[in-house]
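Participant: You'll find structure-v9.csv just under this line, and it carries CSV, C-alpha atoms and all ligand atoms.
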```csv
chain,number,residue,atom,x,y,z
P,1,ARG,CA,0.0,0.0,0.0
P,2,ALA,CA,2.7,2.4,1.0
P,3,LYS,CA,4.5,1.4,-2.2
P,4,GLU,CA,1.5,2.4,-4.2
P,5,ALA,CA,0.9,5.7,-2.5
P,6,GLY,CA,4.5,6.7,-3.2
P,7,ARG,CA,4.3,5.7,-6.8
P,8,GLY,CA,3.4,9.1,-8.2
P,9,THR,CA,5.8,11.1,-6.2
P,10,TYR,CA,8.7,9.5,-4.3
P,11,ALA,CA,9.4,6.6,-6.7
P,12,PHE,CA,9.2,8.9,-9.7
P,13,PHE,CA,11.7,11.3,-8.1
P,14,GLU,CA,13.9,8.4,-7.1
P,15,GLU,CA,13.9,7.1,-10.7
P,16,SER,CA,14.9,10.4,-12.2
P,17,LEU,CA,17.7,10.8,-9.6
P,18,ASN,CA,18.8,7.3,-10.6
P,19,GLU,CA,18.9,8.2,-14.2
P,20,ARG,CA,20.9,11.3,-13.5
P,21,ALA,CA,23.4,9.4,-11.4
P,22,GLN,CA,23.7,6.9,-14.3
P,23,LEU,CA,24.2,9.6,-16.8
P,24,ARG,CA,26.9,11.1,-14.6
P,25,ARG,CA,28.7,7.8,-14.2
P,26,GLN,CA,28.6,7.4,-18.0
P,27,ILE,CA,30.1,10.9,-18.4
P,28,GLU,CA,32.8,10.0,-15.9
P,29,THR,CA,33.7,6.8,-17.7
P,30,ASP,CA,33.8,8.6,-21.1
P,31,LEU,CA,35.8,11.5,-19.7
P,32,ARG,CA,38.6,9.1,-18.7
P,33,LEU,CA,38.9,8.0,-22.3
P,34,ALA,CA,38.4,11.3,-23.9
P,35,ILE,CA,41.9,12.6,-23.5
P,36,GLU,CA,43.6,9.5,-25.0
P,37,ARG,CA,41.0,9.5,-27.8
P,38,GLY,CA,41.6,13.1,-28.6
P,39,GLU,CA,38.0,14.2,-28.2
P,40,PHE,CA,38.7,17.6,-26.7
P,41,GLU,CA,39.0,20.7,-28.8
P,42,LEU,CA,39.8,24.3,-28.0
P,43,LEU,CA,37.9,27.1,-29.6
P,44,TYR,CA,39.3,30.7,-29.4
P,45,GLN,CA,37.3,33.9,-28.8
P,46,PRO,CA,39.0,37.2,-29.6
P,47,LEU,CA,39.4,40.0,-27.1
P,48,PHE,CA,39.4,43.4,-28.7
P,49,ASP,CA,41.6,46.2,-27.2
P,50,LEU,CA,39.6,49.5,-27.2
P,51,GLU,CA,42.6,51.8,-27.1
P,52,GLN,CA,44.5,50.2,-29.9
P,53,ASN,CA,41.5,49.1,-31.9
P,54,ARG,CA,42.8,45.6,-32.6
P,55,ILE,CA,42.7,42.1,-31.3
P,56,CYS,CA,45.0,41.7,-28.3
P,57,SER,CA,44.2,38.2,-27.1
P,58,PHE,CA,42.1,35.1,-27.6
P,59,GLU,CA,40.5,33.1,-24.8
P,60,ALA,CA,40.7,29.3,-25.2
P,61,LEU,CA,37.4,27.6,-24.5
P,62,ILE,CA,37.2,23.8,-24.3
P,63,ARG,CA,34.7,21.7,-26.1
P,64,TRP,CA,34.2,17.9,-26.0
P,65,ASN,CA,33.3,16.2,-29.2
P,66,HIS,CA,31.6,13.1,-27.7
P,67,PRO,CA,31.4,10.1,-30.2
P,68,THR,CA,27.7,9.6,-29.6
P,69,ARG,CA,26.4,12.6,-27.7
P,70,GLY,CA,27.9,15.2,-30.0
P,71,LEU,CA,29.3,18.5,-28.8
P,72,ILE,CA,29.3,18.9,-25.0
P,73,SER,CA,29.8,22.3,-23.5
P,74,PRO,CA,32.1,22.9,-20.5
P,75,ALA,CA,29.2,23.8,-18.2
P,76,ASP,CA,28.1,20.1,-18.6
P,77,PHE,CA,31.4,18.3,-18.0
P,78,VAL,CA,33.8,20.6,-16.2
P,79,PRO,CA,32.0,20.1,-12.9
P,80,VAL,CA,32.2,16.3,-13.3
P,81,ALA,CA,35.9,16.6,-14.2
P,82,GLU,CA,36.5,18.7,-11.1
P,83,ASP,CA,34.7,16.2,-8.8
P,84,THR,CA,36.7,13.3,-10.2
P,85,GLY,CA,40.0,15.1,-10.4
P,86,LEU,CA,40.2,14.6,-14.1
P,87,ILE,CA,40.3,18.3,-14.5
P,88,VAL,CA,44.0,18.1,-13.7
P,89,PRO,CA,45.1,16.1,-16.8
P,90,ILE,CA,42.4,17.8,-18.9
P,91,GLY,CA,43.6,21.3,-17.8
P,92,ALA,CA,47.2,20.4,-18.5
P,93,TRP,CA,46.2,19.4,-22.0
P,94,VAL,CA,44.4,22.8,-22.4
P,95,ILE,CA,47.5,24.7,-21.4
P,96,ARG,CA,49.8,22.7,-23.7
P,97,GLU,CA,47.5,23.0,-26.6
P,98,ALA,CA,46.8,26.7,-26.2
P,99,CYS,CA,50.5,27.5,-25.9
P,100,GLN,CA,51.2,25.5,-29.1
P,101,GLN,CA,48.6,27.4,-31.0
P,102,ALA,CA,49.5,30.9,-29.8
P,103,ALA,CA,53.1,30.4,-30.6
P,104,HIS,CA,52.1,30.8,-34.3
P,105,TRP,CA,50.1,34.0,-33.8
P,106,PRO,CA,51.5,37.6,-34.2
P,107,GLU,CA,53.6,38.5,-31.2
P,108,HIS,CA,51.3,41.1,-29.8
P,109,VAL,CA,48.5,38.6,-29.5
P,110,ARG,CA,48.1,36.7,-26.2
P,111,VAL,CA,46.2,33.6,-25.3
P,112,ALA,CA,44.1,33.3,-22.1
P,113,VAL,CA,43.4,29.9,-20.5
P,114,ASN,CA,40.8,29.1,-17.8
P,115,VAL,CA,42.2,27.3,-14.7
P,116,SER,CA,39.6,25.8,-12.3
P,117,ALA,CA,40.1,26.0,-8.6
P,118,VAL,CA,40.6,22.3,-8.3
P,119,GLN,CA,43.3,22.3,-11.0
P,120,PHE,CA,44.9,25.3,-9.2
P,121,HIS,CA,45.1,23.6,-5.9
P,122,ARG,CA,45.7,19.9,-6.9
P,123,GLY,CA,47.5,20.2,-10.2
P,124,SER,CA,51.2,20.9,-10.3
P,125,LEU,CA,50.4,24.1,-12.2
P,126,HIS,CA,53.8,25.8,-12.0
P,127,GLU,CA,55.5,22.7,-13.6
P,128,THR,CA,52.7,22.3,-16.1
P,129,ILE,CA,53.0,25.9,-17.3
P,130,LEU,CA,56.8,25.9,-17.3
P,131,ALA,CA,56.8,22.7,-19.5
P,132,ALA,CA,54.1,24.1,-21.9
P,133,LEU,CA,56.1,27.3,-22.4
P,134,ALA,CA,59.3,25.4,-23.0
P,135,ALA,CA,57.7,23.0,-25.4
P,136,SER,CA,55.9,25.7,-27.4
P,137,GLY,CA,58.5,28.5,-27.3
P,138,LEU,CA,55.7,30.9,-26.3
P,139,ALA,CA,57.0,34.0,-24.4
P,140,PRO,CA,55.6,33.8,-20.9
P,141,ALA,CA,54.1,37.3,-21.1
P,142,ARG,CA,51.8,36.0,-23.9
P,143,LEU,CA,50.1,33.5,-21.6
P,144,GLU,CA,47.3,34.7,-19.3
P,145,ILE,CA,45.8,32.5,-16.7
P,146,GLU,CA,42.1,33.1,-15.8
P,147,ILE,CA,41.2,32.1,-12.3
P,148,THR,CA,38.1,32.9,-10.3
P,149,GLU,CA,37.8,34.1,-6.8
P,150,SER,CA,36.9,30.6,-5.6
P,151,ILE,CA,40.6,29.7,-5.5
P,152,PHE,CA,40.7,31.8,-2.3
P,153,LEU,CA,38.3,29.6,-0.5
P,154,ASP,CA,41.0,27.1,0.0
P,155,GLY,CA,43.7,28.5,2.4
P,156,GLY,CA,44.8,32.0,1.6
P,157,GLU,CA,48.6,31.5,2.3
P,158,THR,CA,49.2,28.7,-0.1
P,159,THR,CA,47.0,30.3,-2.7
P,160,LEU,CA,49.0,33.5,-2.6
P,161,LYS,CA,52.3,31.6,-2.7
P,162,LEU,CA,51.3,29.8,-5.8
P,163,LEU,CA,50.0,33.0,-7.5
P,164,HIS,CA,53.4,34.6,-6.8
P,165,SER,CA,55.2,31.6,-8.2
P,166,LEU,CA,53.2,31.7,-11.4
P,167,ARG,CA,53.8,35.4,-11.6
P,168,GLY,CA,57.5,34.6,-11.2
P,169,LEU,CA,57.3,32.6,-14.5
P,170,GLY,CA,56.3,35.8,-16.2
P,171,VAL,CA,52.7,34.8,-17.1
P,172,ARG,CA,49.8,37.1,-16.6
P,173,ILE,CA,47.0,36.5,-14.1
P,174,ALA,CA,43.4,37.6,-14.6
P,175,LEU,CA,40.4,37.4,-12.2
P,176,ASP,CA,37.5,35.9,-14.2
P,177,ASP,CA,33.8,36.6,-13.7
P,178,PHE,CA,34.6,39.5,-11.4
P,179,GLY,CA,31.8,40.8,-9.3
P,180,THR,CA,30.0,37.5,-8.8
P,181,GLY,CA,30.3,34.8,-6.2
P,182,TYR,CA,32.8,35.3,-3.4
P,183,SER,CA,33.7,38.9,-4.5
P,184,SER,CA,35.8,40.6,-2.0
P,185,LEU,CA,38.0,43.6,-2.6
P,186,SER,CA,40.6,42.2,-0.2
P,187,TYR,CA,41.8,39.9,-3.0
P,188,LEU,CA,42.8,42.9,-5.0
P,189,GLN,CA,44.8,44.2,-2.0
P,190,SER,CA,46.6,40.9,-1.5
P,191,PHE,CA,47.7,40.2,-5.0
P,192,PRO,CA,48.5,42.5,-8.0
P,193,PHE,CA,46.3,41.0,-10.7
P,194,ASP,CA,46.9,42.0,-14.3
P,195,LYS,CA,43.3,42.0,-15.3
P,196,LEU,CA,39.7,41.9,-14.1
P,197,LYS,CA,37.1,40.3,-16.4
P,198,ILE,CA,33.8,42.0,-15.6
P,199,ASP,CA,31.1,39.3,-15.5
P,200,ARG,CA,28.7,39.1,-18.3
P,201,SER,CA,25.7,39.6,-16.0
P,202,PHE,CA,26.7,43.2,-15.5
P,203,ILE,CA,27.2,43.8,-19.2
P,204,GLN,CA,23.8,42.2,-19.9
P,205,ASN,CA,22.0,44.7,-17.6
P,206,LEU,CA,24.2,47.6,-18.6
P,207,LEU,CA,21.5,49.5,-20.5
P,208,THR,CA,18.5,48.4,-18.6
P,209,ARG,CA,19.5,48.6,-15.0
P,210,GLU,CA,20.9,51.7,-13.5
P,211,GLY,CA,22.8,49.7,-10.9
P,212,ALA,CA,24.7,47.7,-13.4
P,213,SER,CA,26.1,50.8,-15.1
P,214,ALA,CA,27.2,52.2,-11.8
P,215,ILE,CA,28.9,48.9,-10.8
P,216,VAL,CA,30.7,48.7,-14.1
P,217,ARG,CA,31.9,52.3,-13.7
P,218,ALA,CA,33.0,51.6,-10.2
P,219,ILE,CA,35.0,48.5,-11.2
P,220,THR,CA,36.7,50.2,-14.1
P,221,GLU,CA,37.6,53.2,-12.0
P,222,LEU,CA,38.9,51.0,-9.2
P,223,ALA,CA,40.9,48.9,-11.6
P,224,HIS,CA,42.3,52.0,-13.2
P,225,ALA,CA,43.5,53.3,-9.9
P,226,LEU,CA,45.2,50.0,-9.1
P,227,ASN,CA,46.7,49.9,-12.6
P,228,ILE,CA,44.8,46.7,-13.5
P,229,GLU,CA,43.3,46.2,-17.0
P,230,THR,CA,39.6,45.4,-17.5
P,231,THR,CA,37.8,43.2,-20.0
P,232,ALA,CA,34.0,43.3,-20.4
P,233,GLU,CA,32.6,39.8,-21.0
P,234,GLY,CA,29.6,39.0,-23.2
P,235,VAL,CA,29.3,42.2,-25.2
P,236,GLU,CA,26.4,41.6,-27.6
P,237,GLU,CA,25.2,45.1,-28.6
P,238,THR,CA,26.8,48.2,-30.0
P,239,ALA,CA,25.1,50.4,-27.4
P,240,GLN,CA,26.8,48.3,-24.6
P,241,LEU,CA,30.1,48.8,-26.4
P,242,MET,CA,29.7,52.6,-26.5
P,243,GLU,CA,28.8,52.6,-22.8
P,244,LEU,CA,31.9,50.5,-22.0
P,245,ARG,CA,34.1,52.9,-23.9
P,246,SER,CA,32.8,55.8,-21.9
P,247,HIS,CA,33.6,53.9,-18.7
P,248,GLY,CA,37.2,53.5,-19.9
P,249,CYS,CA,37.1,49.7,-20.1
P,250,SER,CA,40.4,48.4,-21.7
P,251,SER,CA,39.0,45.6,-23.8
P,252,VAL,CA,35.9,43.8,-24.8
P,253,GLN,CA,34.8,40.2,-25.7
P,254,GLY,CA,31.5,38.9,-26.9
P,255,TYR,CA,29.3,37.8,-29.8
P,256,LEU,CA,29.2,41.4,-31.1
P,257,PHE,CA,32.7,40.8,-32.3
P,258,ALA,CA,33.0,37.1,-32.7
P,259,GLU,CA,31.9,33.8,-31.3
P,260,PRO,CA,34.5,31.3,-30.2
P,261,MET,CA,36.2,29.9,-33.3
P,262,ALA,CA,38.3,26.9,-34.4
P,263,ALA,CA,42.1,27.2,-34.3
P,264,ALA,CA,42.2,27.0,-38.1
P,265,ASP,CA,39.9,30.0,-38.4
P,266,VAL,CA,42.2,32.1,-36.1
P,267,ASP,CA,45.2,31.2,-38.3
P,268,GLN,CA,43.2,32.2,-41.4
P,269,LEU,CA,42.3,35.5,-39.8
P,270,PHE,CA,45.9,36.4,-39.4
P,271,ASN,CA,46.9,35.1,-42.8
P,272,SER,CA,44.4,37.0,-44.9
P,273,ASP,CA,44.0,40.7,-45.4
P,274,LYS,CA,40.3,40.1,-45.8
P,275,VAL,CA,38.2,42.7,-43.9
P,276,ALA,CA,36.1,40.0,-42.1
P,277,VAL,CA,38.1,40.9,-39.0
P,278,PRO,CA,36.1,40.5,-35.8
P,279,GLY,CA,35.9,43.9,-34.2
P,280,ALA,CA,35.0,45.9,-37.2
P,281,GLU,CA,32.0,46.9,-35.2
P,282,ALA,CA,34.2,48.4,-32.5
P,283,GLN,CA,36.2,50.3,-35.0
P,284,SER,CA,33.1,51.8,-36.6
P,285,VAL,CA,32.1,53.5,-33.4
P,286,ALA,CA,35.6,54.4,-32.3
P,301,LIG,P1,34.2,32.0,-18.9
P,301,LIG,O1,35.6,31.7,-18.7
P,301,LIG,O2,33.6,33.1,-18.2
P,301,LIG,O3,34.0,32.1,-20.5
P,301,LIG,C1,33.1,33.0,-21.2
P,301,LIG,C2,31.9,32.2,-21.7
P,301,LIG,O4,31.0,33.1,-22.2
P,301,LIG,C3,32.2,31.2,-22.8
P,301,LIG,O5,31.3,30.1,-22.6
P,301,LIG,C4,31.9,32.0,-24.0
P,301,LIG,O6,31.6,31.2,-25.1
P,301,LIG,C5,30.7,32.8,-23.5
P,301,LIG,N1,30.4,34.0,-24.3
P,301,LIG,C6,31.3,34.8,-24.9
P,301,LIG,N2,30.8,35.9,-25.5
P,301,LIG,C7,29.4,35.8,-25.2
P,301,LIG,C8,28.3,36.6,-25.5
P,301,LIG,O7,28.4,37.7,-26.1
P,301,LIG,N3,27.1,36.2,-25.0
P,301,LIG,C9,26.9,35.0,-24.3
P,301,LIG,N4,25.7,34.7,-23.9
P,301,LIG,N5,28.0,34.2,-24.0
P,301,LIG,C10,29.2,34.6,-24.4
P,301,LIG,P2,31.7,28.6,-22.7
P,301,LIG,O8,32.7,28.4,-23.8
P,301,LIG,O9,30.5,27.8,-22.8
P,301,LIG,O10,32.5,28.4,-21.3
P,301,LIG,C11,31.7,28.4,-20.1
P,301,LIG,C12,32.7,28.4,-18.9
P,301,LIG,O11,33.3,27.1,-18.9
P,301,LIG,C13,33.8,29.4,-19.0
P,301,LIG,O12,33.3,30.6,-18.6
P,301,LIG,C14,34.8,28.8,-18.1
P,301,LIG,O13,34.5,29.0,-16.7
P,301,LIG,C15,34.6,27.3,-18.3
P,301,LIG,N6,35.6,26.8,-19.2
P,301,LIG,C16,35.7,26.9,-20.6
P,301,LIG,N7,36.9,26.3,-21.0
P,301,LIG,C17,37.5,25.9,-20.0
P,301,LIG,C18,38.8,25.2,-19.8
P,301,LIG,O14,39.6,24.9,-20.7
P,301,LIG,N8,39.1,24.9,-18.5
P,301,LIG,C19,38.3,25.2,-17.4
P,301,LIG,N9,38.7,24.8,-16.2
P,301,LIG,N10,37.1,25.8,-17.6
P,301,LIG,C20,36.7,26.2,-18.8
P,302,MG,MG,37.3,32.8,-18.7
P,303,MG,MG,34.5,34.8,-17.6
P,304,MG,MG,31.7,34.3,-17.1
```
Let me see whether you can do it: turn the structure in this file into structure tokens.
Facilitator:
Amino acid sequence: RAKEAGRGTYAFFEESLNERAQLRRQIETDLRLAIERGEFELLYQPLFDLEQNRICSFEALIRWNHPTRGLISPADFVPVAEDTGLIVPIGAWVIREACQQAAHWPEHVRVAVNVSAVQFHRGSLHETILAALAASGLAPARLEIEITESIFLDGGETTLKLLHSLRGLGVRIALDDFGTGYSSLSYLQSFPFDKLKIDRSFIQNLLTREGASAIVRAITELAHALNIETTAEGVEETAQLMELRSHGCSSVQGYLFAEPMAAADVDQLFNSDKVAVPGAEAQSVA
């Protein structure tokens, strides 16, 4: 009787939880094989410098070409990779691959790589980066590591030590998704970051919410005073771009200029004088 009563609610819920757990186990198993099978790919999205009116950097964004499930976005597998620790070898592959690609780009163009908090604390990041730079020949100053404030949740002292040791390699360090999550200005006081990436949520509301505009202005002014660059994430409209210019934002990134693209398309961009340069929109309102 009890069984029957629960049928519509509890049992159903349990079943879907079960399915989810199963899917997750499947993803875990597949993730382990994905590296050796070469199923990961990096796409690159340009960052556009507003002072120089040209591309200054590309952010590397991972994709998983799953043999049966198709393209899987990082939001769907990075959390699993973090829980299982697989993010360490995957993240190391990302750093190696991004450095190899960027070594062929013009010298003023950097590459930015996302490093998850788990990878930061459990991977041998210093050694991994050192090896990737040596193997690719990329100048350290052309590599930018994007971390989020969540790295500070795990012991401040060791975190700062590692940040300084990475800085010692000559790589740049950016604070990603700034303004969300664990935001605290004390991080800015304890480490001299090279860049703040203003979270897309503020850019989205820039023209519709008075608060968003005030926050973006405050972040850019603060960054300016601390001699830190700013990048606005997720710029989709020309009006947003104009507002960001007026706030003195250093660079912009978003679908208005270009979506993340394959490595071959980046190479083609640099090898052709064709005017299909992402960022033409930024120039037209310069
Ligand atoms: P993120 O580092 O903040 O990257 C920016 C995300 O915003 C990317 O999503 C990018 O495709 C998307 N984006 C860029 N411009 C626009 C825009 O104009 N509008 C909208 N709606 N979205 C835009 P993506 O590639 O799906 O990556 C999501 C997140 O996954 C990243 O956020 C990053 O936290 C993580 N991620 C990506 N690649 C890696 C990686 O190699 N390693 C690690 N650990 N995490 C990664
Ligand atoms: Mg990022
Ligand atoms: Mg971001
Ligand atoms: Mg973001």
Participant: Please list as a ChimeraX atom specification every residue within 12 Å of stretch 208-221 of chain P, counting only C-alpha atoms and excluding residues in the same chain fewer than 5 positions away.
Facilitator: /P:178-180,183,185,188,195-203,226-233,239-240,243-251
Participant: Can you tell me which residues surround P:Ile173 at a distance of at most 9 Å, considering all atoms listed in the file, apart from same-chain residues fewer than 2 positions away, and format the answer as JSON, numbers by chain?
Facilitator: {"P": [143, 144, 145, 146, 147, 163, 166, 167, 171, 175, 192, 193, 194, 195]}
Participant: Could you please extract the residues within 9 Å of ligand LIG 301 (chain P), counting only C-alpha atoms and all ligand atoms, and hand them back as a count of residues only?
Facilitator: 53
Participant: Quote the spacing between atom CA of P:Arg25 and atom CA of P:Phe120 in Å to one decimal place.
Facilitator: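 Rounded to one decimal, the two atoms are 24.4 Å apart.
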Participant: Calculated over only C-alpha atoms and all ligand atoms, which of the candidates P:Glu15, P:Glu51, P:Glu149, P:Glu157 has the smallest distance to ligand MG 303 (chain P)?
Facilitator: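 Of P:Glu15, P:Glu51, P:Glu149, P:Glu157, the one nearest ligand MG 303 (chain P), counting only C-alpha atoms and all ligand atoms, is P:Glu149.
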Participant: Can you work out which one of P:Ser165, P:Thr68, P:Ser184, P:Asn53 has the shortest atom-to-atom distance to P:His126, counting all atoms listed in the file?
Facilitator: P:Ser165
